[in-house]
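Q: Would you mind keeping the following structure in view while I ask a few things?
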Amino acid sequence: MIINPSKKALPLFNYLPKVADKKLARSFSDSNPLFSWHANYFNVKRKKILLLVNDLTYFPIVLVGIDAKNKKQLNEIIRTAIKEVFQAAKIPQEKIIDYLDLAGEIEVSAGYNRVITGIINNMITSLEYHERFNLDVLIDVKLSIDLADSVFKETFPLDELRKVFKEPLVLHDISQEDLEEYVVKRDWKSLADCKSGDLSEKEIEEALANNQRILKAFQQYLEQHEKVTKKTVNRHLSTIEYYLSGYLIFYGFNQAISTFEIISDFFSWGARKNLWISESAVKKAGSSMKKFYQFLIAAGEVKESDMPEIREQIEMGVDDGSMTLMMMDDWY
């Protein structure tokens, strides 16, 4: 069984064995999400509330008061919590035993799935809002079941858990394909070879078609490699479509992957075009741009050694875009 804690929660797991290979562990979690959990914690009256969420079902387990003393027994605590909470969820005893046997020893990796991280954050928000904590127990079975019987990602985790345990439990082997690095399939004309500026109607059509091929590959990269939510994918795609087809097509595709100075101007340009109406929106556009350039590095369009300069240009651009919005607000 793999536990994937957030960076913040990682110190709570330092008495548990760490995975020998994080890449292998991630492949295991992707192939066997029922046997993989993400984790984070928050504080209530100086007590750490540790929340474990199953990767497949989003089923939560709430542990109360994890501290320097009892974290030494976290391996036993987690296994006991699974038994008790699964029993409360009406999972048959023999199925629980099978699950723990198949799961094996608990090993610790690192949080990576942003969908599950988002669900954990939503669950924590819900818990903090309702404040139904029993600070006198270590394993809060009732709160775990109550939380599981709420809607997250349009499903009830409690129903999803019961559904999964009606089927035979299987531990999938990791294939060589699972271990291979994600490879971006390039079927577009390199940005270095794309014309911009004063284009004919035919050249504009060709440029826009090429941009769509880039956007399709970027979408696949976000979904398959970054594993971000559909909402986040759409937000990134919207920003980058403006960048490619509204901005670079006039100001220079090749400069976007060579001198990089054109990057920072994009944000004030977007602010003047009313693409963003708040500082928060400008910052989100900056996040989209970072993702896009990480994609371009994976695609071989940009060298990894250029990323520090790219980040600097994006950060400058976010500041310029925010300042432009402020100036426009003052003007009106």
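Residues in the structure tokens are numbered from 1 in each chain, the chains being A, B, ... in the order shown, and ligands are numbered from 1 in the order shown.
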As a PyMOL selection string, please: the residues near A:Asn113 (cut-off 9 Å, only C-alpha atoms, same-chain neighbours under 4 positions excluded).
A: chain A and resi 4+38+55+117-118+226-228
Q: Using only C-alpha atoms, please write the residues we just selected to a file, as a PDB file, in the first residue's frame.
A:
ATOM      1  CA  ASN A   4       1.163   9.817  -0.909  1.00  0.00           C
ATOM      2  CA  HIS A  38      -3.225  10.617  -0.583  1.00  0.00           C
ATOM      3  CA  ASP A  55      -7.173   7.310  -4.833  1.00  0.00           C
ATOM      4  CA  THR A 117      -5.360  16.819  -3.691  1.00  0.00           C
ATOM      5  CA  GLY A 118      -8.257  19.071  -4.673  1.00  0.00           C
ATOM      6  CA  GLU A 226       0.047  16.261 -15.134  1.00  0.00           C
ATOM      7  CA  LYS A 227      -3.286  14.589 -14.270  1.00  0.00           C
ATOM      8  CA  VAL A 228      -5.035  17.863 -13.538  1.00  0.00           C
TER       9      VAL A 228
END
Q: Would you kindly return, as a list in words, each protein, DNA or RNA residue with an atom no farther than 7 Å from any atom of A:Ile174, considering only C-alpha atoms and excluding same-chain residues fewer than 6 positions away?
A: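 Answer for this query is Ser27, Phe28 and Ser31 of chain A.
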Q: Select from stretch 105-185 of chain A every residue with an atom at most 12 Å from any atom of stretch 85-96 of chain A, then for each give the shortest pair of atoms and their distance in Å to one decimal, using only C-alpha atoms, rows by chain and rising number, as JSON lines.
A:
{"residue": "A:Ile139", "atom": "CA", "partner": "A:Val85", "partner_atom": "CA", "distance": 8.4}
{"residue": "A:Asp140", "atom": "CA", "partner": "A:Val85", "partner_atom": "CA", "distance": 8.4}
{"residue": "A:Val141", "atom": "CA", "partner": "A:Val85", "partner_atom": "CA", "distance": 5.3}
{"residue": "A:Lys142", "atom": "CA", "partner": "A:Ala88", "partner_atom": "CA", "distance": 8.2}
{"residue": "A:Leu143", "atom": "CA", "partner": "A:Val85", "partner_atom": "CA", "distance": 9.7}
{"residue": "A:Ser144", "atom": "CA", "partner": "A:Val85", "partner_atom": "CA", "distance": 7.1}
{"residue": "A:Ile145", "atom": "CA", "partner": "A:Ala89", "partner_atom": "CA", "distance": 6.8}
{"residue": "A:Asp146", "atom": "CA", "partner": "A:Ala89", "partner_atom": "CA", "distance": 10.1}
{"residue": "A:Leu147", "atom": "CA", "partner": "A:Ala89", "partner_atom": "CA", "distance": 11.6}
{"residue": "A:Ala148", "atom": "CA", "partner": "A:Ala89", "partner_atom": "CA", "distance": 9.1}
{"residue": "A:Asp149", "atom": "CA", "partner": "A:Ala89", "partner_atom": "CA", "distance": 9.7}
{"residue": "A:Pro157", "atom": "CA", "partner": "A:Ala89", "partner_atom": "CA", "distance": 10.4}
{"residue": "A:Leu158", "atom": "CA", "partner": "A:Ala89", "partner_atom": "CA", "distance": 6.9}
{"residue": "A:Asp159", "atom": "CA", "partner": "A:Ala89", "partner_atom": "CA", "distance": 9.1}
{"residue": "A:Glu160", "atom": "CA", "partner": "A:Ala89", "partner_atom": "CA", "distance": 10.8}
{"residue": "A:Leu161", "atom": "CA", "partner": "A:Ala89", "partner_atom": "CA", "distance": 8.3}
{"residue": "A:Arg162", "atom": "CA", "partner": "A:Ile91", "partner_atom": "CA", "distance": 6.6}
{"residue": "A:Lys163", "atom": "CA", "partner": "A:Ile91", "partner_atom": "CA", "distance": 9.9}
{"residue": "A:Val164", "atom": "CA", "partner": "A:Ile91", "partner_atom": "CA", "distance": 10.0}
{"residue": "A:Phe165", "atom": "CA", "partner": "A:Ile91", "partner_atom": "CA", "distance": 7.1}
{"residue": "A:Lys166", "atom": "CA", "partner": "A:Ile91", "partner_atom": "CA", "distance": 8.8}
{"residue": "A:Glu167", "atom": "CA", "partner": "A:Lys95", "partner_atom": "CA", "distance": 9.9}
{"residue": "A:Pro168", "atom": "CA", "partner": "A:Lys95", "partner_atom": "CA", "distance": 8.9}
{"residue": "A:Leu169", "atom": "CA", "partner": "A:Lys95", "partner_atom": "CA", "distance": 8.2}
{"residue": "A:Val170", "atom": "CA", "partner": "A:Lys95", "partner_atom": "CA", "distance": 11.7}
Q: Show which residues sit within 10 Å of A:Phe260, as a ChimeraX atom specification. Count only C-alpha atoms, and ignore same-chain residues fewer than 3 positions away.
A: /A:254-257,263-265,306,309-314
Q: Could you check how far atom CA of A:Leu34 sits from atom CA of A:Thr57, in Å to one decimal?
A: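 That distance, rounded to one decimal, is 7.1 Å.
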Q: When distances are computed from only C-alpha atoms, which of A:Ser29, A:Ser109, A:Gln212, A:Asn43 shows the smallest separation from A:Leu135?
A: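 Residue with the minimum atom-to-atom distance to A:Leu135: A:Asn43.
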Q: What's the separation between atom CA of A:Val302 and atom CA of A:Asn274, in Å to one decimal place?
A: 29.0 Å
Q: How many Å lie between atom CA of A:Glu76 and atom CA of A:Asp136, rounded to one decimal?
A: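 Straight-line distance from atom CA of A:Glu76 to atom CA of A:Asp136 works out to 18.7 Å.
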Q: Between A:Asp319, A:Asp67, A:Glu131, A:Asp30, which one has atoms that come closest to A:Ala9, using only C-alpha atoms?
A: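 The shortest atom-to-atom distance to A:Ala9 comes from A:Asp67.
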Q: As a ChimeraX atom specification, list the residues of stretch 159-325 of chain A assigned to alpha helix (DSSP H) by DSSP on the backbone atoms of this structure.
A: /A:159-165,176-179,201-221,230-241,249-251,261-272,279-298,307-325
Q: I'd like to know which of A:Pro17, A:Gly104, A:Asn211, A:Ser6 is closest to A:Asn121, using only C-alpha atoms.
A: A:Ser6
Q: Compare A:Ala68, A:Leu191, A:Ile61, A:Ile249 by their minimum atom-to-atom distance to A:Glu205, counting only C-alpha atoms, and give me the closest one.
A: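 Nearest to A:Glu205: A:Ile249.
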Q: For A:Ala110, work out the shell of residues within 10 Å, counting only C-alpha atoms and skipping chain neighbours fewer than 4 positions away, then give it as a list of chain:residue names.
A: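 Contacts, with the query itself left out: A:Ile2, A:Ile3, A:Asn4, A:Pro5, A:Ser6, A:Lys7, A:Ala9, A:Leu10, A:Lys18, A:Val19, A:Lys22, A:Ala25, A:Arg26, A:His38, A:Ala39.
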Q: If you count only C-alpha atoms, which residues fall within 10 Å of A:Leu138, apart from same-chain ones fewer than 6 positions away, as an mmCIF file with N, CA, C and O atoms, in the first residue's frame?
A:
data_model
loop_
_atom_site.group_PDB
_atom_site.id
_atom_site.type_symbol
_atom_site.label_atom_id
_atom_site.label_comp_id
_atom_site.auth_asym_id
_atom_site.auth_seq_id
_atom_site.Cartn_x
_atom_site.Cartn_y
_atom_site.Cartn_z
ATOM 1 N N ILE A 49 -5.280 16.926 12.642
ATOM 2 C CA ILE A 49 -6.289 16.016 12.089
ATOM 3 C C ILE A 49 -5.746 15.521 10.749
ATOM 4 O O ILE A 49 -5.606 16.288 9.800
ATOM 5 N N VAL A 62 -10.432 9.648 8.823
ATOM 6 C CA VAL A 62 -10.054 10.784 9.659
ATOM 7 C C VAL A 62 -9.353 10.277 10.924
ATOM 8 O O VAL A 62 -9.928 9.487 11.685
ATOM 9 N N LEU A 63 -8.119 10.728 11.117
ATOM 10 C CA LEU A 63 -7.349 10.388 12.319
ATOM 11 C C LEU A 63 -7.131 11.666 13.127
ATOM 12 O O LEU A 63 -6.754 12.696 12.565
ATOM 13 N N VAL A 64 -7.327 11.569 14.426
ATOM 14 C CA VAL A 64 -7.322 12.758 15.281
ATOM 15 C C VAL A 64 -6.122 12.740 16.231
ATOM 16 O O VAL A 64 -5.849 11.736 16.885
ATOM 17 N N GLY A 65 -5.437 13.872 16.283
ATOM 18 C CA GLY A 65 -4.386 14.035 17.285
ATOM 19 C C GLY A 65 -3.107 13.283 16.983
ATOM 20 O O GLY A 65 -2.461 12.757 17.891
ATOM 21 N N ILE A 66 -2.712 13.233 15.720
ATOM 22 C CA ILE A 66 -1.442 12.601 15.367
ATOM 23 C C ILE A 66 -0.309 13.524 15.816
ATOM 24 O O ILE A 66 -0.237 14.681 15.418
ATOM 25 N N ASN A 70 2.518 9.341 18.887
ATOM 26 C CA ASN A 70 1.768 8.254 18.247
ATOM 27 C C ASN A 70 2.080 8.082 16.758
ATOM 28 O O ASN A 70 1.683 7.080 16.148
ATOM 29 N N ILE A 77 -1.785 2.169 13.284
ATOM 30 C CA ILE A 77 -2.985 3.019 13.380
ATOM 31 C C ILE A 77 -3.743 3.029 12.058
ATOM 32 O O ILE A 77 -4.985 2.891 12.031
ATOM 33 N N ALA A 81 -7.384 1.608 11.427
ATOM 34 C CA ALA A 81 -8.406 2.559 10.965
ATOM 35 C C ALA A 81 -9.131 2.025 9.737
ATOM 36 O O ALA A 81 -10.360 2.146 9.620
#
Q: Please identify the strand (DSSP E or B) residues within stretch 83-297 of chain A (assignment by DSSP from backbone atoms) and present them as a JSON list (two decimals) with N, CA and C atoms, in the first residue's frame.
A:
[["chain", "number", "residue", "atom", "x", "y", "z"],
["A", 107, "GLU", "N", 4.04, 1.85, 2.54],
["A", 107, "GLU", "CA", 5.23, 2.61, 2.17],
["A", 107, "GLU", "C", 4.81, 4.03, 1.82],
["A", 108, "VAL", "N", 5.72, 4.96, 1.99],
["A", 108, "VAL", "CA", 5.41, 6.37, 1.81],
["A", 108, "VAL", "C", 6.11, 6.91, 0.57],
["A", 139, "ILE", "N", -9.24, 7.39, 16.06],
["A", 139, "ILE", "CA", -9.84, 7.07, 14.77],
["A", 139, "ILE", "C", -11.29, 7.52, 14.81],
["A", 152, "PHE", "N", -18.58, 14.35, -3.53],
["A", 152, "PHE", "CA", -17.32, 14.91, -3.99],
["A", 152, "PHE", "C", -17.09, 14.41, -5.41],
["A", 155, "THR", "N", -19.82, 12.22, -6.95],
["A", 155, "THR", "CA", -20.03, 10.87, -6.46],
["A", 155, "THR", "C", -20.03, 10.86, -4.94]]
Q: Counting only C-alpha atoms, which residue out of A:Met327, A:Asn210, A:Glu201, A:His172 sits closest to A:Asp187?
A: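 The answer is A:Asn210, which sits nearest to A:Asp187.
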Q: May I ask which of the residues A:Ala271, A:Ile277, A:Met328, A:Val115 is the closest one to A:Glu223, counting only C-alpha atoms?
A: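 Ranked by minimum distance to A:Glu223, first place goes to A:Val115.
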Q: Give me the residues within 10 Å of A:Ile204 as a list in words, counting only C-alpha atoms and dropping any in the same chain fewer than 5 places off.
A: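 Residues near the query, excluding close chain neighbours: Lys195, Ser196, Gly197, Asp198, Leu199, Ala209, Asn210, Ser245, Ile249 and Phe250 of chain A.
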